[in-house]
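This is query16.json. It holds JSON, C-alpha atoms.
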```
[["chain", "number", "residue", "atom", "x", "y", "z"],
["Z", 1, "MET", "CA", 62.65, -78.94, 50.33],
["Z", 2, "GLU", "CA", 59.68, -81.11, 51.17],
["Z", 3, "ARG", "CA", 58.04, -78.18, 52.96],
["Z", 4, "LEU", "CA", 58.46, -76.02, 49.84],
["Z", 5, "ARG", "CA", 56.77, -78.69, 47.69],
["Z", 6, "LYS", "CA", 53.86, -78.89, 50.12],
["Z", 7, "ASN", "CA", 53.44, -75.09, 50.06],
["Z", 8, "ILE", "CA", 53.49, -75.00, 46.23],
["Z", 9, "SER", "CA", 50.93, -77.80, 45.92],
["Z", 10, "PHE", "CA", 48.74, -76.11, 48.57],
["Z", 11, "LEU", "CA", 48.81, -72.78, 46.67],
["Z", 12, "PHE", "CA", 48.10, -74.55, 43.38],
["Z", 13, "CYS", "CA", 45.04, -76.34, 44.84],
["Z", 14, "TRP", "CA", 43.64, -73.10, 46.29],
["Z", 15, "SER", "CA", 44.06, -71.13, 43.04],
["Z", 16, "ALA", "CA", 42.42, -73.96, 41.05],
["Z", 17, "LEU", "CA", 39.49, -74.02, 43.51],
["Z", 18, "ILE", "CA", 39.00, -70.24, 43.32],
["Z", 19, "GLY", "CA", 39.18, -70.31, 39.49],
["Z", 20, "PHE", "CA", 36.58, -73.11, 39.37],
["Z", 21, "THR", "CA", 34.24, -71.22, 41.73],
["Z", 22, "VAL", "CA", 34.43, -68.02, 39.65],
["Z", 23, "ALA", "CA", 33.73, -69.99, 36.44],
["Z", 24, "VAL", "CA", 30.65, -71.67, 37.99],
["Z", 25, "VAL", "CA", 29.24, -68.31, 39.17],
["Z", 26, "LEU", "CA", 29.68, -66.78, 35.71],
["Z", 27, "VAL", "CA", 28.07, -69.74, 33.92],
["Z", 28, "LEU", "CA", 25.09, -69.75, 36.27],
["Z", 29, "ASN", "CA", 24.43, -66.01, 35.84],
["Z", 30, "VAL", "CA", 24.48, -65.93, 32.02],
["Z", 31, "PRO", "CA", 21.45, -68.14, 31.30],
["Z", 32, "THR", "CA", 19.25, -66.36, 33.85],
["Z", 33, "THR", "CA", 19.93, -63.01, 32.19],
["Z", 34, "PHE", "CA", 19.05, -64.34, 28.74],
["Z", 35, "GLY", "CA", 16.06, -66.21, 30.13],
["Z", 36, "GLN", "CA", 14.62, -62.99, 31.56],
["Z", 37, "ALA", "CA", 15.14, -61.15, 28.26],
["Z", 38, "LYS", "CA", 13.30, -63.85, 26.33],
["Z", 39, "LYS", "CA", 10.44, -64.04, 28.82],
["Z", 40, "ALA", "CA", 9.85, -60.29, 28.69],
["Z", 41, "LEU", "CA", 9.09, -60.14, 24.94],
["Z", 42, "VAL", "CA", 5.37, -60.08, 24.13],
["Z", 43, "ASP", "CA", 4.31, -60.91, 20.56],
["Z", 44, "LEU", "CA", 1.94, -58.18, 19.31],
["Z", 45, "ASN", "CA", 0.40, -60.51, 16.71],
["Z", 46, "SER", "CA", -0.31, -63.51, 18.95],
["Z", 47, "ALA", "CA", -0.42, -62.34, 22.61],
["Z", 48, "SER", "CA", -3.72, -62.51, 24.47],
["Z", 49, "GLU", "CA", -5.37, -59.33, 25.78],
["Z", 50, "LYS", "CA", -4.31, -60.29, 29.33],
["Z", 51, "GLU", "CA", -0.66, -60.57, 28.25],
["Z", 52, "LEU", "CA", -0.88, -57.19, 26.54],
["Z", 53, "GLU", "CA", -2.46, -55.62, 29.65],
["Z", 54, "ALA", "CA", 0.64, -56.66, 31.63],
["Z", 55, "LEU", "CA", 2.73, -54.23, 29.57],
["Z", 56, "PRO", "CA", 3.40, -50.82, 31.18],
["Z", 57, "GLY", "CA", 0.85, -48.18, 30.16],
["Z", 58, "VAL", "CA", -1.50, -50.71, 28.51],
["Z", 59, "GLY", "CA", -4.96, -51.17, 30.01],
["Z", 60, "ALA", "CA", -7.94, -53.31, 28.97],
["Z", 61, "ALA", "CA", -9.21, -50.78, 26.37],
["Z", 62, "THR", "CA", -5.75, -50.32, 24.82],
["Z", 63, "ALA", "CA", -5.17, -54.09, 24.70],
["Z", 64, "LYS", "CA", -8.44, -54.42, 22.71],
["Z", 65, "LYS", "CA", -7.26, -51.73, 20.27],
["Z", 66, "ILE", "CA", -3.95, -53.58, 19.80],
["Z", 67, "THR", "CA", -5.72, -56.86, 18.95],
["Z", 68, "ALA", "CA", -8.25, -55.07, 16.70],
["Z", 69, "ASN", "CA", -5.49, -53.56, 14.54],
["Z", 70, "ARG", "CA", -3.57, -56.80, 13.92],
["Z", 71, "PRO", "CA", -1.51, -57.89, 12.08],
["Z", 72, "TYR", "CA", 1.58, -55.73, 12.71],
["Z", 73, "LYS", "CA", 4.66, -55.78, 10.50],
["Z", 74, "SER", "CA", 6.72, -53.73, 12.97],
["Z", 75, "VAL", "CA", 6.44, -52.33, 16.50],
["Z", 76, "ASP", "CA", 6.12, -48.82, 15.00],
["Z", 77, "GLU", "CA", 2.69, -49.82, 13.63],
["Z", 78, "LEU", "CA", 1.33, -49.53, 17.19],
["Z", 79, "SER", "CA", 0.45, -46.00, 16.06],
["Z", 80, "LYS", "CA", -2.60, -47.67, 14.39],
["Z", 81, "ALA", "CA", -3.81, -48.47, 17.92],
["Z", 82, "GLY", "CA", -3.38, -44.83, 19.03],
["Z", 83, "PHE", "CA", 0.09, -45.08, 20.62],
["Z", 84, "SER", "CA", 2.32, -42.00, 20.62],
["Z", 85, "ALA", "CA", 5.91, -42.26, 19.35],
["Z", 86, "LYS", "CA", 7.14, -41.90, 22.95],
["Z", 87, "LYS", "CA", 5.03, -44.87, 24.17],
["Z", 88, "ILE", "CA", 6.13, -47.00, 21.21],
["Z", 89, "GLU", "CA", 9.80, -46.33, 22.02],
["Z", 90, "ALA", "CA", 9.18, -47.32, 25.66],
["Z", 91, "LEU", "CA", 7.52, -50.60, 24.60],
["Z", 92, "LYS", "CA", 10.10, -51.60, 21.95],
["Z", 93, "PRO", "CA", 12.39, -53.50, 24.38],
["Z", 94, "LEU", "CA", 9.38, -55.44, 25.76],
["Z", 95, "VAL", "CA", 7.55, -56.49, 22.58],
["Z", 96, "THR", "CA", 8.21, -58.32, 19.33],
["Z", 97, "VAL", "CA", 6.33, -58.88, 16.07],
["Z", 98, "GLY", "CA", 5.90, -62.51, 15.09],
["Z", 99, "ALA", "CA", 4.30, -63.98, 11.99],
["Z", 100, "ALA", "CA", 0.77, -62.71, 11.52],
["Z", 101, "PRO", "CA", -1.98, -65.32, 11.85],
["Z", 102, "PRO", "CA", -3.41, -66.17, 8.41],
["Z", 103, "THR", "CA", -7.09, -66.08, 9.46],
["Z", 104, "PRO", "CA", -8.10, -62.44, 8.70],
["Z", 105, "LYS", "CA", -7.20, -62.57, 4.97],
["Z", 106, "PRO", "CA", -9.46, -65.48, 3.96],
["Z", 107, "ALA", "CA", -12.33, -63.96, 5.98],
["Z", 108, "GLU", "CA", -12.06, -60.71, 4.05],
["Z", 109, "ALA", "CA", -11.82, -62.29, 0.57],
["Z", 110, "PRO", "CA", -15.30, -63.90, 0.53],
["Z", 111, "ALA", "CA", -16.83, -60.74, 2.00],
["Z", 112, "LYS", "CA", -15.43, -58.67, -0.89],
["Z", 113, "SER", "CA", -16.47, -61.16, -3.56],
["Z", 114, "THR", "CA", -20.04, -61.49, -2.19],
["Z", 115, "PRO", "CA", -21.22, -58.02, -3.29],
["Z", 116, "VAL", "CA", -19.80, -58.62, -6.79],
["Z", 117, "VAL", "CA", -21.58, -61.97, -7.21],
["Z", 118, "VAL", "CA", -24.89, -61.15, -5.46],
["Z", 119, "PRO", "CA", -25.98, -57.83, -7.02],
["Z", 120, "ALA", "CA", -28.25, -58.43, -9.97],
["Z", 121, "THR", "CA", -29.67, -55.66, -12.16],
["Z", 122, "LYS", "CA", -32.59, -55.23, -9.73],
["Z", 123, "THR", "CA", -30.54, -55.13, -6.50],
["Z", 124, "LYS", "CA", -27.80, -52.70, -7.56],
["Z", 125, "PRO", "CA", -29.96, -49.67, -8.50],
["Z", 126, "ALA", "CA", -32.20, -50.26, -5.45],
["Z", 127, "VAL", "CA", -29.20, -49.91, -3.10],
["Z", 128, "GLU", "CA", -27.37, -47.12, -4.93],
["Z", 129, "LYS", "CA", -30.25, -44.78, -5.84],
["Z", 130, "PRO", "CA", -31.74, -44.03, -2.39],
["Z", 131, "SER", "CA", -28.48, -43.88, -0.41],
["Z", 132, "GLY", "CA", -26.05, -42.49, -3.02],
["Z", 133, "PRO", "CA", -27.78, -39.23, -3.99],
["Z", 134, "ALA", "CA", -28.90, -38.57, -0.38],
["Z", 135, "VAL", "CA", -25.26, -38.07, 0.68],
["Z", 136, "LYS", "CA", -23.68, -36.84, -2.56],
["Z", 137, "LEU", "CA", -26.32, -34.41, -3.78],
["Z", 138, "THR", "CA", -26.68, -32.39, -0.56],
["Z", 139, "PRO", "CA", -23.87, -29.83, -0.56],
["Z", 140, "GLY", "CA", -22.18, -29.29, 2.81],
["Z", 141, "GLN", "CA", -23.86, -32.32, 4.42],
["Z", 142, "LYS", "CA", -21.44, -34.56, 6.34],
["Z", 143, "VAL", "CA", -21.89, -38.16, 7.46],
["Z", 144, "ASN", "CA", -21.20, -38.71, 11.17],
["Z", 145, "ILE", "CA", -19.10, -41.91, 11.25],
["Z", 146, "ASN", "CA", -20.01, -42.46, 14.91],
["Z", 147, "THR", "CA", -23.81, -42.45, 14.37],
["Z", 148, "ALA", "CA", -24.46, -43.04, 10.63],
["Z", 149, "SER", "CA", -26.36, -46.12, 9.45],
["Z", 150, "LYS", "CA", -24.71, -48.81, 7.35],
["Z", 151, "GLU", "CA", -26.54, -47.50, 4.24],
["Z", 152, "GLN", "CA", -25.27, -43.93, 4.77],
["Z", 153, "LEU", "CA", -21.68, -45.15, 5.17],
["Z", 154, "ASP", "CA", -22.07, -47.48, 2.17],
["Z", 155, "ALA", "CA", -23.00, -44.44, 0.03],
["Z", 156, "LEU", "CA", -19.62, -42.78, 0.64],
["Z", 157, "PRO", "CA", -17.21, -43.03, -2.33],
["Z", 158, "GLY", "CA", -15.09, -46.18, -2.16],
["Z", 159, "ILE", "CA", -16.96, -47.57, 0.90],
["Z", 160, "GLY", "CA", -18.97, -50.72, 0.23],
["Z", 161, "PRO", "CA", -21.17, -52.74, 2.61],
["Z", 162, "VAL", "CA", -18.16, -54.63, 4.03],
["Z", 163, "LYS", "CA", -16.18, -51.50, 4.91],
["Z", 164, "ALA", "CA", -19.37, -49.80, 6.16],
["Z", 165, "GLN", "CA", -19.85, -52.65, 8.66],
["Z", 166, "ALA", "CA", -16.15, -52.49, 9.63],
["Z", 167, "ILE", "CA", -16.53, -48.72, 10.32],
["Z", 168, "ILE", "CA", -19.53, -49.44, 12.58],
["Z", 169, "ASP", "CA", -17.55, -52.18, 14.40],
["Z", 170, "GLY", "CA", -14.61, -49.81, 15.00],
["Z", 171, "ARG", "CA", -16.65, -47.07, 16.77],
["Z", 172, "PRO", "CA", -16.22, -44.68, 18.49],
["Z", 173, "TYR", "CA", -13.82, -42.40, 16.61],
["Z", 174, "GLN", "CA", -12.15, -39.33, 18.15],
["Z", 175, "LYS", "CA", -11.33, -37.64, 14.81],
["Z", 176, "PRO", "CA", -12.12, -38.30, 11.12],
["Z", 177, "GLU", "CA", -8.54, -39.58, 10.49],
["Z", 178, "ASP", "CA", -9.24, -42.48, 12.88],
["Z", 179, "ILE", "CA", -11.29, -44.10, 10.11],
["Z", 180, "MET", "CA", -7.94, -45.16, 8.57],
["Z", 181, "LYS", "CA", -7.64, -47.69, 11.43],
["Z", 182, "VAL", "CA", -10.38, -49.68, 9.67],
["Z", 183, "LYS", "CA", -8.95, -52.46, 7.52],
["Z", 184, "GLY", "CA", -8.99, -51.56, 3.84],
["Z", 185, "ILE", "CA", -9.25, -47.78, 4.33],
["Z", 186, "LYS", "CA", -5.90, -46.18, 3.59],
["Z", 187, "GLN", "CA", -4.78, -42.62, 2.77],
["Z", 188, "GLY", "CA", -6.17, -42.78, -0.79],
["Z", 189, "GLU", "CA", -9.68, -43.81, 0.32],
["Z", 190, "PHE", "CA", -9.59, -41.30, 3.19],
["Z", 191, "ASN", "CA", -8.74, -38.44, 0.80],
["Z", 192, "LYS", "CA", -11.91, -39.22, -1.22],
["Z", 193, "ILE", "CA", -14.21, -39.05, 1.83],
["Z", 194, "LYS", "CA", -12.46, -36.69, 4.30],
["Z", 195, "ASP", "CA", -14.65, -33.70, 3.28],
["Z", 196, "LEU", "CA", -17.83, -35.79, 3.58],
["Z", 197, "ILE", "CA", -17.34, -37.20, 7.10],
["Z", 198, "THR", "CA", -17.34, -35.90, 10.67],
["Z", 199, "VAL", "CA", -17.25, -37.34, 14.20],
["Z", 200, "LYS", "CA", -19.62, -34.77, 15.82]]
```

Can I see the file as structure tokens?
Amino acid sequence: MERLRKNISFLFCWSALIGFTVAVVLVLNVPTTFGQAKKALVDLNSASEKELEALPGVGAATAKKITANRPYKSVDELSKAGFSAKKIEALKPLVTVGAAPPTPKPAEAPAKSTPVVVPATKTKPAVEKPSGPAVKLTPGQKVNINTASKEQLDALPGIGPVKAQAIIDGRPYQKPEDIMKVKGIKQGEFNKIKDLITVK
């Protein structure tokens, strides 16, 4: 009888020890898995160029394009930086989109208000007369967005001095549609100027 008790207590101790060991192994493995998942996510709106370069298929030039086209509202907006749908799908598990930094908006507001406040009656005709007719009055003439001067770009419909400078800063362009990567130029503005611009 005593032997039976000893055997039962021995079996009980062993099963408790095995159960405890299994529980410890499971608990230790869970946080490492989640930790790796969290570490892997790169924020498209706040990551440095070096962090972006660490992503598969992203080099130094592509990382610059990503930062130039910030802020992003979703990962799909990587198309603004020239990513194909296939590449975007491959990057989705590795990246996230955090809150956009508030700095670009205030910088753009004064730039837009400056031309409205500064032009007096003398300045406005002086800027519009030489550059405007030169582009608009010549039928068939196209403005090369890769080589045109700020004045030539400014003369395009809907493009002011601020957007003209932004177009120059965003060079080079592979195709005319790439001009929509410039902040403030969307489909509507592009439709007005698409027949007046070229990249060759």

Quiz item: Interatomic distance between CA of Thr96 (chain Z) and CA of Gln187 (chain Z)?
Solution: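 If I compute the distance from CA of Thr96 (chain Z) to CA of Gln187 (chain Z), I get 26.3 Å.
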
Quiz item: Within 6 Å of (-2.3, -58.5, 19.5), only C-alpha atoms: residues as a VMD selection string?
Solution: chain Z and resid 44 to 47 66 to 67 70

Quiz prompt | Computed interatomic separation between CA of Ser74 (chain Z) and CA of Lys181 (chain Z) (Å) | solution = 15.7 Å

Quiz item: By how many Å are CA of Gly57 (chain Z) and CA of Lys87 (chain Z) apart?
Solution: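 Separation of CA of Gly57 (chain Z) and CA of Lys87 (chain Z): 8.0 Å.
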
Practice problem: Give me the residues within 9 Å of Ala63 (chain Z) as a ChimeraX atom specification, counting only C-alpha atoms and dropping any in the same chain fewer than 5 places off. | Solution: /Z:48-53,58,68,81

Output file for the residues above (C-alpha atoms, as a PDB file, in the frame of the given file):
```
ATOM      1  CA  SER Z  48      -3.720 -62.510  24.470  1.00  0.00           C
ATOM      2  CA  GLU Z  49      -5.370 -59.330  25.780  1.00  0.00           C
ATOM      3  CA  LYS Z  50      -4.310 -60.290  29.330  1.00  0.00           C
ATOM      4  CA  GLU Z  51      -0.660 -60.570  28.250  1.00  0.00           C
ATOM      5  CA  LEU Z  52      -0.880 -57.190  26.540  1.00  0.00           C
ATOM      6  CA  GLU Z  53      -2.460 -55.620  29.650  1.00  0.00           C
ATOM      7  CA  VAL Z  58      -1.500 -50.710  28.510  1.00  0.00           C
ATOM      8  CA  ALA Z  68      -8.250 -55.070  16.700  1.00  0.00           C
ATOM      9  CA  ALA Z  81      -3.810 -48.470  17.920  1.00  0.00           C
TER      10      ALA Z  81
END
```

Determine the axis-aligned bounding box of all atoms of region 140-144 of chain Z present in the file, pad each side by 8 Å, and express its centre and edge lengths in Å to one decimal place as AutoDock Vina command-line options.
```
--center_x -22.5 --center_y -34.0 --center_z 7.0 --size_x 18.7 --size_y 25.4 --size_z 24.4
```

Exercise. Check the smallest atom-to-atom distance from each of Z:Ile159, Z:Val97, Z:Leu4, Z:Ile168 to Asn146 (chain Z) using only C-alpha atoms, then report the winner.
Key: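 For Asn146 (chain Z), the nearest of the candidates is Z:Ile168.
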
Practice problem: Could you give me, as number ranges by chain, the residues within 9 Å of Leu55 (chain Z), counting all atoms listed in the file and dropping anything in the same chain fewer than 5 positions from it? | Solution: Z: 42, 91, 94-95
